[in-house]
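Undergrad: Starting off with a structure, shown below.
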Amino acid sequence: MNNDILFQEALTHFPGGVNSPVRAFRAVGGTPKFFHKAWGCRFEDEDGRTFVDLCMSWGPMILGHAHGDILAAVAEAMQEGLSFGAPSRRELLLARRIKAMVPFIEKLRFVSSGTEAVMSALRVARGFTNRERVLKFDGCYHGHADAMLVKAGSGLVTFGIPSSAGVPVSYGELTSVLPLDDFEALESFFVERGSELACAIIEPIPANNGLLVQKPEFLKRLRELCSTYGALLIFDEVISGFRVGPGGAAEQYGITPDLATYGKIIGGGMPVGCYGGRKDVMAVVSPDGPVYQAGTLSGNPVAMAAGLATLERLTPQVYAELDGHAAKWAATFERIPGLKCPRIGSLLWPLFQESVRRSDAVQTGAITQFNKLHKAMLDQGIYLAPSGYEVAFLSTAHDDAAYADFEKAVAAVAPQFN
Ligand code: PMP
């Protein structure tokens, strides 16, 4: 069992044997699989077992693994040098493409991860407004910048408290946390603290605590309140950007944020993030303005090539087709007794209860059921992200053959849930 041998060694190198905690199988039980090769919607582990992948590297691989055109673009860029640490043409090409797909992005900056994009956008918002407080929502994940590793304080306290050791309590006090879908809490928060607020940040399609689809009115009201109180609205579209349509959630809901953050798909599987939006706001970024933000590998030419080759292939027709396929996969998931599958585009959430809008509405029983599902599906050759709080990602490579395998797996596991 090569997987097990590798994992035993990994435990000696990395905390928990992994380089990102979400990869550990602690929530679902068992040990993580080691993969050595991926193609289309499938990948093979070190024991030689092939799985249909429903995690797709947590979102970037919307065109499938090892897509020929993307590999060719990367190979071409690679031949010309891995990193220059100076401007290169490919940064412009990707920026042009992003701006064409997301018209409110007037100026942007490339970074190397979603966390960095969010961390930088928060700094920009604070620098632009000369205010320190930020607002986030319980059930949204924004990467692991200190300001975002904060949960709601108890009772009526509007200050957050650190949700990770190592985050200073005083940082938490500058982050306020509200529940999603709570219109009253939103109104009273802004009355009380709106004028202190640098920005509100939200995943317009919260997809890190399951899929907590929001009422459009909630997002619209948040937009209005931010404008009224002079706070910036940041849409964290690290998952939803280029996933739910060319213009992401902002386009889908018809709401324009002041800044947005992206990652995952814009790198086509390479480490890329970006933040951008209003040009008057972006004018505060160094070297034009006083907000410092930098990166040795930012705008890396090979990563830019992967991102560009990916975005160039994401046409409205591709999204329409993906949506149609995803509807079929979600309906098939629901053949499992008790399972509902909330969905937006190619984001699916296998959930053993009715769909919810708030993180505290997710029942522990539903997660226990998911853990059982995870193992059962894995045994059938279907790889789901190893936590009931994670969504499934489909790609254009989830073809009829994969669907047939999925259908067979669902039929095999369904009796266990009667
Ligand atoms: N924001 C959102 C909405 C995310 O989903 C993630 C990662 N899943 C991040 C930020 C952080 O991105 P990264 O893991 O690339 O740092």
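Chains: A, B, ... in order of the structure tokens. Residues: from 1 per chain. Ligands: from 1, in order shown.
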Using only C-alpha atoms and all ligand atoms, what does the table of chain A residues within 10 Å of ligand 1 look like, with each row giving the shortest atom pair and its distance in Å to one decimal, sorted by chain and ascending number, as JSON lines?

TA:
{"residue": "A:Ser20", "atom": "CA", "partner": "ligand 1", "partner_atom_place_in_ligand_line": "14 (O)", "distance": 8.7}
{"residue": "A:Val22", "atom": "CA", "partner": "ligand 1", "partner_atom_place_in_ligand_line": "8 (N)", "distance": 9.4}
{"residue": "A:Ser57", "atom": "CA", "partner": "ligand 1", "partner_atom_place_in_ligand_line": "8 (N)", "distance": 9.8}
{"residue": "A:Trp58", "atom": "CA", "partner": "ligand 1", "partner_atom_place_in_ligand_line": "8 (N)", "distance": 6.8}
{"residue": "A:Gly59", "atom": "CA", "partner": "ligand 1", "partner_atom_place_in_ligand_line": "8 (N)", "distance": 8.2}
{"residue": "A:Pro60", "atom": "CA", "partner": "ligand 1", "partner_atom_place_in_ligand_line": "15 (O)", "distance": 9.8}
{"residue": "A:Val111", "atom": "CA", "partner": "ligand 1", "partner_atom_place_in_ligand_line": "15 (O)", "distance": 9.9}
{"residue": "A:Ser112", "atom": "CA", "partner": "ligand 1", "partner_atom_place_in_ligand_line": "15 (O)", "distance": 7.6}
{"residue": "A:Ser113", "atom": "CA", "partner": "ligand 1", "partner_atom_place_in_ligand_line": "15 (O)", "distance": 3.9}
{"residue": "A:Gly114", "atom": "CA", "partner": "ligand 1", "partner_atom_place_in_ligand_line": "12 (O)", "distance": 3.2}
{"residue": "A:Thr115", "atom": "CA", "partner": "ligand 1", "partner_atom_place_in_ligand_line": "16 (O)", "distance": 3.6}
{"residue": "A:Glu116", "atom": "CA", "partner": "ligand 1", "partner_atom_place_in_ligand_line": "16 (O)", "distance": 6.4}
{"residue": "A:Ala117", "atom": "CA", "partner": "ligand 1", "partner_atom_place_in_ligand_line": "10 (C)", "distance": 7.7}
{"residue": "A:Val118", "atom": "CA", "partner": "ligand 1", "partner_atom_place_in_ligand_line": "10 (C)", "distance": 6.6}
{"residue": "A:Met119", "atom": "CA", "partner": "ligand 1", "partner_atom_place_in_ligand_line": "10 (C)", "distance": 9.3}
{"residue": "A:Cys140", "atom": "CA", "partner": "ligand 1", "partner_atom_place_in_ligand_line": "3 (C)", "distance": 7.0}
{"residue": "A:Tyr141", "atom": "CA", "partner": "ligand 1", "partner_atom_place_in_ligand_line": "2 (C)", "distance": 5.4}
{"residue": "A:His142", "atom": "CA", "partner": "ligand 1", "partner_atom_place_in_ligand_line": "1 (N)", "distance": 3.7}
{"residue": "A:Gly143", "atom": "CA", "partner": "ligand 1", "partner_atom_place_in_ligand_line": "11 (C)", "distance": 3.6}
{"residue": "A:His144", "atom": "CA", "partner": "ligand 1", "partner_atom_place_in_ligand_line": "11 (C)", "distance": 6.8}
{"residue": "A:Ala145", "atom": "CA", "partner": "ligand 1", "partner_atom_place_in_ligand_line": "16 (O)", "distance": 8.7}
{"residue": "A:Met148", "atom": "CA", "partner": "ligand 1", "partner_atom_place_in_ligand_line": "10 (C)", "distance": 9.7}
{"residue": "A:Ile202", "atom": "CA", "partner": "ligand 1", "partner_atom_place_in_ligand_line": "3 (C)", "distance": 8.3}
{"residue": "A:Glu203", "atom": "CA", "partner": "ligand 1", "partner_atom_place_in_ligand_line": "3 (C)", "distance": 5.7}
{"residue": "A:Pro204", "atom": "CA", "partner": "ligand 1", "partner_atom_place_in_ligand_line": "3 (C)", "distance": 9.0}
{"residue": "A:Ile205", "atom": "CA", "partner": "ligand 1", "partner_atom_place_in_ligand_line": "3 (C)", "distance": 8.6}
{"residue": "A:Pro206", "atom": "CA", "partner": "ligand 1", "partner_atom_place_in_ligand_line": "3 (C)", "distance": 7.2}
{"residue": "A:Ala207", "atom": "CA", "partner": "ligand 1", "partner_atom_place_in_ligand_line": "5 (O)", "distance": 6.8}
{"residue": "A:Asn208", "atom": "CA", "partner": "ligand 1", "partner_atom_place_in_ligand_line": "5 (O)", "distance": 6.0}
{"residue": "A:Asn209", "atom": "CA", "partner": "ligand 1", "partner_atom_place_in_ligand_line": "5 (O)", "distance": 9.8}
{"residue": "A:Phe235", "atom": "CA", "partner": "ligand 1", "partner_atom_place_in_ligand_line": "3 (C)", "distance": 8.9}
{"residue": "A:Asp236", "atom": "CA", "partner": "ligand 1", "partner_atom_place_in_ligand_line": "3 (C)", "distance": 5.4}
{"residue": "A:Glu237", "atom": "CA", "partner": "ligand 1", "partner_atom_place_in_ligand_line": "3 (C)", "distance": 5.8}
{"residue": "A:Val238", "atom": "CA", "partner": "ligand 1", "partner_atom_place_in_ligand_line": "3 (C)", "distance": 4.6}
{"residue": "A:Ile239", "atom": "CA", "partner": "ligand 1", "partner_atom_place_in_ligand_line": "5 (O)", "distance": 5.1}
{"residue": "A:Ser240", "atom": "CA", "partner": "ligand 1", "partner_atom_place_in_ligand_line": "3 (C)", "distance": 7.6}
{"residue": "A:Gly241", "atom": "CA", "partner": "ligand 1", "partner_atom_place_in_ligand_line": "3 (C)", "distance": 9.3}
{"residue": "A:Thr261", "atom": "CA", "partner": "ligand 1", "partner_atom_place_in_ligand_line": "1 (N)", "distance": 7.6}
{"residue": "A:Tyr262", "atom": "CA", "partner": "ligand 1", "partner_atom_place_in_ligand_line": "1 (N)", "distance": 7.7}
{"residue": "A:Gly263", "atom": "CA", "partner": "ligand 1", "partner_atom_place_in_ligand_line": "15 (O)", "distance": 6.0}
{"residue": "A:Lys264", "atom": "CA", "partner": "ligand 1", "partner_atom_place_in_ligand_line": "15 (O)", "distance": 6.5}
{"residue": "A:Pro271", "atom": "CA", "partner": "ligand 1", "partner_atom_place_in_ligand_line": "15 (O)", "distance": 7.4}
{"residue": "A:Val272", "atom": "CA", "partner": "ligand 1", "partner_atom_place_in_ligand_line": "15 (O)", "distance": 7.7}
{"residue": "A:Gly273", "atom": "CA", "partner": "ligand 1", "partner_atom_place_in_ligand_line": "15 (O)", "distance": 6.9}
{"residue": "A:Glu390", "atom": "CA", "partner": "ligand 1", "partner_atom_place_in_ligand_line": "8 (N)", "distance": 9.5}

Undergrad: Next, dump the selected residues to file, keeping only C-alpha atoms, as a compact mmCIF listing (two decimals), in the first residue's frame.

TA:
# COMPACT_ATOMS: atom_id res chain seq x y z
CA SER A 20 -2.89 22.27 3.83
CA VAL A 22 -8.17 20.55 4.31
CA SER A 57 -7.98 20.84 -6.84
CA TRP A 58 -10.66 22.82 -4.95
CA GLY A 59 -11.83 24.69 -8.02
CA PRO A 60 -9.09 25.80 -10.42
CA VAL A 111 -0.50 38.00 -6.37
CA SER A 112 0.15 34.30 -5.78
CA SER A 113 -2.81 33.03 -3.75
CA GLY A 114 -6.35 33.81 -2.68
CA THR A 115 -5.17 34.53 0.84
CA GLU A 116 -2.75 37.13 -0.45
CA ALA A 117 -5.44 38.70 -2.64
CA VAL A 118 -7.78 39.09 0.34
CA MET A 119 -5.06 40.28 2.70
CA CYS A 140 -17.50 32.71 4.65
CA TYR A 141 -13.85 31.75 4.33
CA HIS A 142 -11.38 34.28 3.03
CA GLY A 143 -8.05 32.51 3.39
CA HIS A 144 -5.79 32.59 6.40
CA ALA A 145 -4.82 36.26 6.79
CA MET A 148 -9.99 36.85 8.63
CA ILE A 202 -18.29 38.58 1.66
CA GLU A 203 -18.26 35.54 -0.56
CA PRO A 204 -21.29 36.52 -2.65
CA ILE A 205 -21.76 32.80 -3.18
CA PRO A 206 -20.53 31.38 0.12
CA ALA A 207 -18.98 28.04 -0.81
CA ASN A 208 -16.70 27.22 2.11
CA ASN A 209 -19.28 26.11 4.65
CA PHE A 235 -16.59 40.49 -3.13
CA ASP A 236 -14.35 37.51 -2.47
CA GLU A 237 -14.77 35.62 -5.73
CA VAL A 238 -11.85 33.25 -5.25
CA ILE A 239 -14.29 30.38 -5.81
CA SER A 240 -17.20 32.01 -7.66
CA GLY A 241 -15.07 34.10 -10.02
CA THR A 261 -10.55 39.11 -5.11
CA TYR A 262 -9.84 36.14 -7.35
CA GLY A 263 -7.71 33.03 -7.34
CA LYS A 264 -8.06 29.40 -8.38
CA PRO A 271 -0.51 29.71 -8.02
CA VAL A 272 -2.20 32.97 -9.02
CA GLY A 273 -4.50 35.36 -7.22
CA GLU A 390 -16.94 21.42 1.19

Undergrad: If you run DSSP on the backbone, which residues of region 125-350 of chain A are alpha helix (DSSP H), as a ChimeraX atom specification?

TA: /A:125-129,169-172,183-193,216-229,248-253,279-282,301-312,316-333

Undergrad: From the DSSP assignment of the backbone, select every residue of region 15-224 of chain A that is strand (DSSP E or B), and format the answer as a short mmCIF file (atom, residue, chain, number, x, y, z; two decimals) with all heavy atoms, in the first residue's frame.

TA:
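Written file, states_21.cif:
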data_model
loop_
_atom_site.label_atom_id
_atom_site.label_comp_id
_atom_site.auth_asym_id
_atom_site.auth_seq_id
_atom_site.Cartn_x
_atom_site.Cartn_y
_atom_site.Cartn_z
N PHE A 35 -1.68 11.35 -4.85
CA PHE A 35 -1.94 11.23 -6.29
C PHE A 35 -0.68 11.49 -7.08
O PHE A 35 0.15 12.31 -6.69
CB PHE A 35 -3.05 12.21 -6.69
CG PHE A 35 -4.39 11.77 -6.15
CD1 PHE A 35 -4.87 12.27 -4.94
CD2 PHE A 35 -5.14 10.83 -6.82
CE1 PHE A 35 -6.07 11.82 -4.42
CE2 PHE A 35 -6.36 10.39 -6.31
CZ PHE A 35 -6.82 10.89 -5.10
N HIS A 36 -0.56 10.80 -8.20
CA HIS A 36 0.64 11.04 -9.00
C HIS A 36 0.32 11.43 -10.42
O HIS A 36 1.22 11.84 -11.16
CB HIS A 36 1.57 9.80 -8.96
CG HIS A 36 1.01 8.61 -9.67
ND1 HIS A 36 1.53 8.15 -10.85
CD2 HIS A 36 -0.05 7.82 -9.38
CE1 HIS A 36 0.82 7.09 -11.26
NE2 HIS A 36 -0.14 6.88 -10.38
N LYS A 37 -0.95 11.37 -10.78
CA LYS A 37 -1.26 11.67 -12.19
C LYS A 37 -2.75 12.01 -12.30
O LYS A 37 -3.58 11.34 -11.69
CB LYS A 37 -0.96 10.41 -13.00
CG LYS A 37 -0.96 10.58 -14.50
CD LYS A 37 -0.53 9.24 -15.11
CE LYS A 37 -0.98 9.10 -16.54
NZ LYS A 37 -0.41 10.00 -17.47
N ALA A 38 -3.04 13.06 -13.07
CA ALA A 38 -4.44 13.44 -13.27
C ALA A 38 -4.66 13.79 -14.72
O ALA A 38 -3.77 14.34 -15.38
CB ALA A 38 -4.79 14.63 -12.39
N TRP A 39 -5.84 13.48 -15.22
CA TRP A 39 -6.19 13.82 -16.61
C TRP A 39 -7.71 13.95 -16.67
O TRP A 39 -8.43 13.20 -16.00
CB TRP A 39 -5.68 12.74 -17.58
CG TRP A 39 -6.34 11.40 -17.37
CD1 TRP A 39 -7.40 10.88 -18.07
CD2 TRP A 39 -6.01 10.42 -16.36
NE1 TRP A 39 -7.75 9.64 -17.55
CE2 TRP A 39 -6.92 9.35 -16.52
CE3 TRP A 39 -5.06 10.36 -15.32
CZ2 TRP A 39 -6.90 8.22 -15.68
CZ3 TRP A 39 -5.04 9.24 -14.50
CH2 TRP A 39 -5.93 8.19 -14.69
N GLY A 40 -8.17 14.94 -17.42
CA GLY A 40 -9.63 15.14 -17.52
C GLY A 40 -10.26 15.28 -16.15
O GLY A 40 -9.84 16.10 -15.34
N ARG A 42 -10.37 12.76 -14.03
CA ARG A 42 -9.93 11.60 -13.24
C ARG A 42 -8.52 11.79 -12.72
O ARG A 42 -7.73 12.54 -13.28
CB ARG A 42 -9.97 10.32 -14.11
CG ARG A 42 -11.38 9.97 -14.54
CD ARG A 42 -11.38 8.79 -15.52
NE ARG A 42 -12.64 8.75 -16.26
CZ ARG A 42 -13.71 8.05 -15.87
NH1 ARG A 42 -13.65 7.29 -14.79
NH2 ARG A 42 -14.82 8.09 -16.58
N PHE A 43 -8.20 11.08 -11.65
CA PHE A 43 -6.81 11.03 -11.20
C PHE A 43 -6.52 9.68 -10.56
O PHE A 43 -7.44 8.95 -10.18
CB PHE A 43 -6.41 12.21 -10.32
CG PHE A 43 -7.21 12.53 -9.08
CD1 PHE A 43 -6.78 13.57 -8.25
CD2 PHE A 43 -8.35 11.85 -8.72
CE1 PHE A 43 -7.47 13.90 -7.10
CE2 PHE A 43 -9.06 12.18 -7.56
CZ PHE A 43 -8.61 13.22 -6.76
N GLU A 44 -5.22 9.36 -10.53
CA GLU A 44 -4.81 8.03 -10.06
C GLU A 44 -3.94 8.18 -8.83
O GLU A 44 -3.02 9.01 -8.80
CB GLU A 44 -4.03 7.32 -11.16
CG GLU A 44 -3.68 5.87 -10.80
CD GLU A 44 -2.88 5.20 -11.92
OE1 GLU A 44 -3.50 4.77 -12.92
OE2 GLU A 44 -1.65 5.10 -11.79
N ASP A 45 -4.23 7.37 -7.81
CA ASP A 45 -3.43 7.48 -6.59
C ASP A 45 -2.22 6.54 -6.65
O ASP A 45 -2.04 5.80 -7.62
CB ASP A 45 -4.29 7.26 -5.34
CG ASP A 45 -4.70 5.81 -5.12
OD1 ASP A 45 -4.29 4.92 -5.91
OD2 ASP A 45 -5.42 5.54 -4.14
N THR A 50 -7.91 4.52 -9.76
CA THR A 50 -8.37 5.73 -10.46
C THR A 50 -9.70 6.19 -9.86
O THR A 50 -10.56 5.37 -9.55
CB THR A 50 -8.56 5.41 -11.96
OG1 THR A 50 -7.29 5.01 -12.48
CG2 THR A 50 -9.07 6.61 -12.71
N PHE A 51 -9.82 7.49 -9.71
CA PHE A 51 -11.06 8.07 -9.16
C PHE A 51 -11.61 9.11 -10.12
O PHE A 51 -10.84 9.80 -10.81
CB PHE A 51 -10.78 8.77 -7.83
CG PHE A 51 -10.29 7.85 -6.75
CD1 PHE A 51 -8.92 7.58 -6.64
CD2 PHE A 51 -11.17 7.24 -5.87
CE1 PHE A 51 -8.46 6.72 -5.65
CE2 PHE A 51 -10.71 6.38 -4.88
CZ PHE A 51 -9.34 6.12 -4.77
N VAL A 52 -12.92 9.24 -10.15
CA VAL A 52 -13.53 10.43 -10.75
C VAL A 52 -13.42 11.53 -9.70
O VAL A 52 -13.87 11.36 -8.56
CB VAL A 52 -15.01 10.17 -11.13
CG1 VAL A 52 -15.68 11.47 -11.54
CG2 VAL A 52 -15.11 9.14 -12.24
N ASP A 53 -12.81 12.63 -10.08
CA ASP A 53 -12.50 13.70 -9.12
C ASP A 53 -13.65 14.71 -9.06
O ASP A 53 -14.00 15.32 -10.08
CB ASP A 53 -11.20 14.39 -9.59
CG ASP A 53 -10.69 15.42 -8.60
OD1 ASP A 53 -11.30 15.57 -7.52
OD2 ASP A 53 -9.68 16.08 -8.92
N HIS A 65 -8.28 18.28 -15.61
CA HIS A 65 -6.85 18.16 -15.33
C HIS A 65 -6.05 18.01 -16.62
O HIS A 65 -6.50 17.33 -17.57
CB HIS A 65 -6.58 16.92 -14.48
CG HIS A 65 -7.14 16.99 -13.09
ND1 HIS A 65 -6.64 17.83 -12.13
CD2 HIS A 65 -8.15 16.31 -12.49
CE1 HIS A 65 -7.31 17.65 -10.99
NE2 HIS A 65 -8.24 16.73 -11.19
N LYS A 107 -8.62 48.37 -12.55
CA LYS A 107 -7.20 48.14 -12.32
C LYS A 107 -7.06 46.94 -11.40
O LYS A 107 -7.93 46.70 -10.55
CB LYS A 107 -6.55 49.36 -11.66
CG LYS A 107 -5.55 49.98 -12.59
CD LYS A 107 -4.75 51.08 -12.01
CE LYS A 107 -4.03 51.75 -13.17
NZ LYS A 107 -3.36 52.97 -12.78
N LEU A 108 -5.97 46.21 -11.54
CA LEU A 108 -5.82 45.02 -10.71
C LEU A 108 -4.35 44.80 -10.41
O LEU A 108 -3.46 45.42 -11.00
CB LEU A 108 -6.42 43.80 -11.42
CG LEU A 108 -5.83 43.41 -12.78
CD1 LEU A 108 -4.82 42.30 -12.61
CD2 LEU A 108 -6.92 42.96 -13.73
N ARG A 109 -4.10 43.89 -9.48
CA ARG A 109 -2.73 43.50 -9.13
C ARG A 109 -2.70 41.99 -8.99
O ARG A 109 -3.57 41.41 -8.32
CB ARG A 109 -2.43 44.18 -7.82
CG ARG A 109 -1.09 44.28 -7.17
CD ARG A 109 0.17 44.41 -7.90
NE ARG A 109 0.81 45.66 -8.26
CZ ARG A 109 1.37 46.54 -7.45
NH1 ARG A 109 1.32 46.39 -6.15
NH2 ARG A 109 1.98 47.59 -7.94
N PHE A 110 -1.73 41.36 -9.62
CA PHE A 110 -1.58 39.91 -9.46
C PHE A 110 -0.79 39.58 -8.20
O PHE A 110 0.22 40.26 -7.89
CB PHE A 110 -0.89 39.30 -10.67
CG PHE A 110 -1.75 39.23 -11.89
CD1 PHE A 110 -1.43 39.93 -13.04
CD2 PHE A 110 -2.92 38.47 -11.88
CE1 PHE A 110 -2.24 39.88 -14.16
CE2 PHE A 110 -3.74 38.41 -13.00
CZ PHE A 110 -3.41 39.12 -14.14
N VAL A 111 -1.21 38.55 -7.52
CA VAL A 111 -0.50 38.00 -6.37
C VAL A 111 -0.42 36.48 -6.58
O VAL A 111 -0.70 36.01 -7.70
CB VAL A 111 -1.21 38.37 -5.04
CG1 VAL A 111 -1.14 39.86 -4.77
CG2 VAL A 111 -2.67 37.91 -5.05
N ARG A 133 -11.77 49.22 10.84
CA ARG A 133 -12.65 48.07 11.08
C ARG A 133 -13.05 47.38 9.77
O ARG A 133 -13.29 48.05 8.77
CB ARG A 133 -13.90 48.55 11.84
CG ARG A 133 -14.95 47.46 12.11
CD ARG A 133 -15.91 47.86 13.21
NE ARG A 133 -15.17 48.14 14.43
CZ ARG A 133 -14.66 47.21 15.23
NH1 ARG A 133 -14.84 45.92 14.96
NH2 ARG A 133 -13.98 47.55 16.29
N VAL A 134 -13.08 46.06 9.80
CA VAL A 134 -13.60 45.31 8.66
C VAL A 134 -14.73 44.41 9.12
O VAL A 134 -14.76 43.99 10.28
CB VAL A 134 -12.49 44.46 7.94
CG1 VAL A 134 -11.37 45.36 7.45
CG2 VAL A 134 -11.94 43.38 8.84
N LEU A 135 -15.66 44.15 8.22
CA LEU A 135 -16.80 43.29 8.53
C LEU A 135 -16.73 42.04 7.67
O LEU A 135 -16.52 42.13 6.46
CB LEU A 135 -18.11 44.04 8.23
CG LEU A 135 -19.41 43.21 8.25
CD1 LEU A 135 -19.71 42.70 9.67
CD2 LEU A 135 -20.59 44.04 7.73
N LYS A 136 -16.90 40.89 8.33
CA LYS A 136 -17.02 39.64 7.56
C LYS A 136 -18.25 38.89 8.03
O LYS A 136 -18.89 39.29 9.01
CB LYS A 136 -15.75 38.79 7.68
CG LYS A 136 -15.60 38.06 9.01
CD LYS A 136 -14.30 37.27 9.05
CE LYS A 136 -14.37 35.93 8.30
NZ LYS A 136 -15.15 34.89 9.01
N PHE A 137 -18.55 37.80 7.36
CA PHE A 137 -19.76 37.04 7.68
C PHE A 137 -19.41 35.62 8.08
O PHE A 137 -18.57 34.98 7.43
CB PHE A 137 -20.73 37.06 6.49
CG PHE A 137 -21.28 38.43 6.24
CD1 PHE A 137 -20.59 39.34 5.44
CD2 PHE A 137 -22.45 38.84 6.86
CE1 PHE A 137 -21.07 40.62 5.25
CE2 PHE A 137 -22.94 40.12 6.68
CZ PHE A 137 -22.25 41.02 5.88
N ASP A 138 -20.09 35.18 9.12
CA ASP A 138 -19.88 33.83 9.63
C ASP A 138 -20.31 32.81 8.56
O ASP A 138 -21.42 32.89 8.05
CB ASP A 138 -20.75 33.68 10.89
CG ASP A 138 -20.40 32.43 11.65
OD1 ASP A 138 -19.28 31.92 11.48
OD2 ASP A 138 -21.25 31.96 12.42
N VAL A 150 -11.13 34.99 12.32
CA VAL A 150 -11.84 35.60 13.43
C VAL A 150 -13.28 35.12 13.39
O VAL A 150 -13.87 34.99 12.32
CB VAL A 150 -11.76 37.14 13.29
CG1 VAL A 150 -12.70 37.84 14.23
CG2 VAL A 150 -10.32 37.62 13.52
N LYS A 151 -13.82 34.80 14.57
CA LYS A 151 -15.23 34.41 14.62
C LYS A 151 -16.00 35.42 15.47
O LYS A 151 -15.39 36.26 16.14
CB LYS A 151 -15.37 33.00 15.16
CG LYS A 151 -14.82 32.83 16.55
CD LYS A 151 -14.88 31.36 16.99
CE LYS A 151 -14.33 31.28 18.41
NZ LYS A 151 -13.79 30.05 18.81
N ALA A 152 -17.32 35.25 15.43
CA ALA A 152 -18.16 36.22 16.14
C ALA A 152 -17.92 36.14 17.63
O ALA A 152 -17.77 35.06 18.19
CB ALA A 152 -19.62 35.94 15.82
N GLY A 160 -14.90 40.75 16.87
CA GLY A 160 -14.62 39.34 16.68
C GLY A 160 -13.56 38.85 17.65
O GLY A 160 -12.84 39.64 18.26
N ILE A 161 -13.48 37.53 17.79
CA ILE A 161 -12.39 36.94 18.57
C ILE A 161 -11.63 35.96 17.67
O ILE A 161 -12.23 35.35 16.79
CB ILE A 161 -12.91 36.24 19.85
CG1 ILE A 161 -14.04 35.26 19.51
CG2 ILE A 161 -13.39 37.24 20.88
CD1 ILE A 161 -14.45 34.41 20.68
N PRO A 162 -10.32 35.84 17.89
CA PRO A 162 -9.54 34.96 17.00
C PRO A 162 -10.10 33.54 16.97
O PRO A 162 -10.49 33.00 18.00
CB PRO A 162 -8.15 35.00 17.62
CG PRO A 162 -8.07 36.30 18.33
CD PRO A 162 -9.47 36.53 18.87
N THR A 175 -12.05 43.20 13.60
CA THR A 175 -12.91 42.48 12.64
C THR A 175 -14.26 42.22 13.29
O THR A 175 -14.32 41.61 14.36
CB THR A 175 -12.28 41.14 12.23
OG1 THR A 175 -10.98 41.38 11.67
CG2 THR A 175 -13.12 40.42 11.20
N SER A 176 -15.31 42.68 12.67
CA SER A 176 -16.66 42.36 13.15
C SER A 176 -17.20 41.22 12.32
O SER A 176 -16.89 41.10 11.13
CB SER A 176 -17.57 43.58 13.01
OG SER A 176 -17.12 44.62 13.85
N VAL A 177 -18.00 40.38 12.97
CA VAL A 177 -18.53 39.19 12.29
C VAL A 177 -20.04 39.15 12.45
O VAL A 177 -20.54 39.24 13.57
CB VAL A 177 -17.91 37.89 12.87
CG1 VAL A 177 -18.36 36.68 12.05
CG2 VAL A 177 -16.39 37.97 12.88
N LEU A 178 -20.75 39.03 11.35
CA LEU A 178 -22.21 38.94 11.40
C LEU A 178 -22.66 37.62 10.78
O LEU A 178 -21.96 37.06 9.93
CB LEU A 178 -22.85 40.07 10.59
CG LEU A 178 -22.77 41.50 11.13
CD1 LEU A 178 -23.46 42.46 10.16
CD2 LEU A 178 -23.40 41.59 12.51
N PRO A 179 -23.85 37.15 11.18
CA PRO A 179 -24.39 35.97 10.49
C PRO A 179 -24.83 36.34 9.07
O PRO A 179 -25.17 37.50 8.81
CB PRO A 179 -25.61 35.58 11.34
CG PRO A 179 -25.92 36.75 12.17
CD PRO A 179 -24.71 37.62 12.27
N LEU A 197 -16.30 51.69 9.47
CA LEU A 197 -15.98 50.51 8.65
C LEU A 197 -15.18 50.87 7.40
O LEU A 197 -15.59 51.68 6.60
CB LEU A 197 -17.31 49.86 8.23
CG LEU A 197 -17.32 48.37 7.93
CD1 LEU A 197 -16.82 47.54 9.10
CD2 LEU A 197 -18.72 47.94 7.53
N ALA A 198 -14.02 50.21 7.27
CA ALA A 198 -13.24 50.35 6.03
C ALA A 198 -13.91 49.57 4.91
O ALA A 198 -14.01 50.03 3.78
CB ALA A 198 -11.82 49.83 6.24
N CYS A 199 -14.35 48.36 5.24
CA CYS A 199 -14.96 47.52 4.20
C CYS A 199 -15.76 46.39 4.81
O CYS A 199 -15.54 46.01 5.96
CB CYS A 199 -13.87 46.92 3.29
SG CYS A 199 -12.77 45.80 4.15
N ALA A 200 -16.67 45.88 3.99
CA ALA A 200 -17.31 44.60 4.29
C ALA A 200 -16.80 43.64 3.22
O ALA A 200 -16.71 44.00 2.05
CB ALA A 200 -18.82 44.74 4.18
N ILE A 201 -16.44 42.45 3.66
CA ILE A 201 -16.02 41.42 2.70
C ILE A 201 -16.97 40.24 2.81
O ILE A 201 -17.36 39.85 3.92
CB ILE A 201 -14.54 41.01 2.91
CG1 ILE A 201 -14.11 40.00 1.83
CG2 ILE A 201 -14.28 40.46 4.32
CD1 ILE A 201 -12.61 39.80 1.73
N ILE A 202 -17.36 39.72 1.66
CA ILE A 202 -18.29 38.58 1.66
C ILE A 202 -17.98 37.71 0.44
O ILE A 202 -17.55 38.22 -0.60
CB ILE A 202 -19.77 39.08 1.63
CG1 ILE A 202 -20.74 37.93 1.86
CG2 ILE A 202 -20.09 39.84 0.34
CD1 ILE A 202 -22.18 38.38 2.17
#

Undergrad: In Å, rounded to a single decimal, give me how far CA of Cys55 (chain A) is from CA of Tyr383 (chain A).

TA: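 Pair CA of Tyr383 (chain A) / CA of Cys55 (chain A) returns 7.0 Å.
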
Undergrad: Residues at most 12 Å from region 321-334 of chain A, counting only C-alpha atoms, excluding those fewer than 2 positions away in the same chain, as number ranges by chain?

TA: A: 54, 62-64, 243-245, 314-319, 336-354, 373, 377, 382, 391-400, 402-414, 417

Undergrad: Counting only C-alpha atoms, which of A:Leu219, A:Leu180, A:Leu149, A:Leu122 gets nearest to Ser163 (chain A)?

TA: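 Nearest candidate to Ser163 (chain A) out of A:Leu219, A:Leu180, A:Leu149, A:Leu122: A:Leu149.
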
Undergrad: Quick one: distance from CA of Tyr229 (chain A) to CA of Ala185 (chain A) in Å, one decimal?

TA: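 Taking CA of Tyr229 (chain A) as the start and CA of Ala185 (chain A) as the end point, the length is 15.8 Å.
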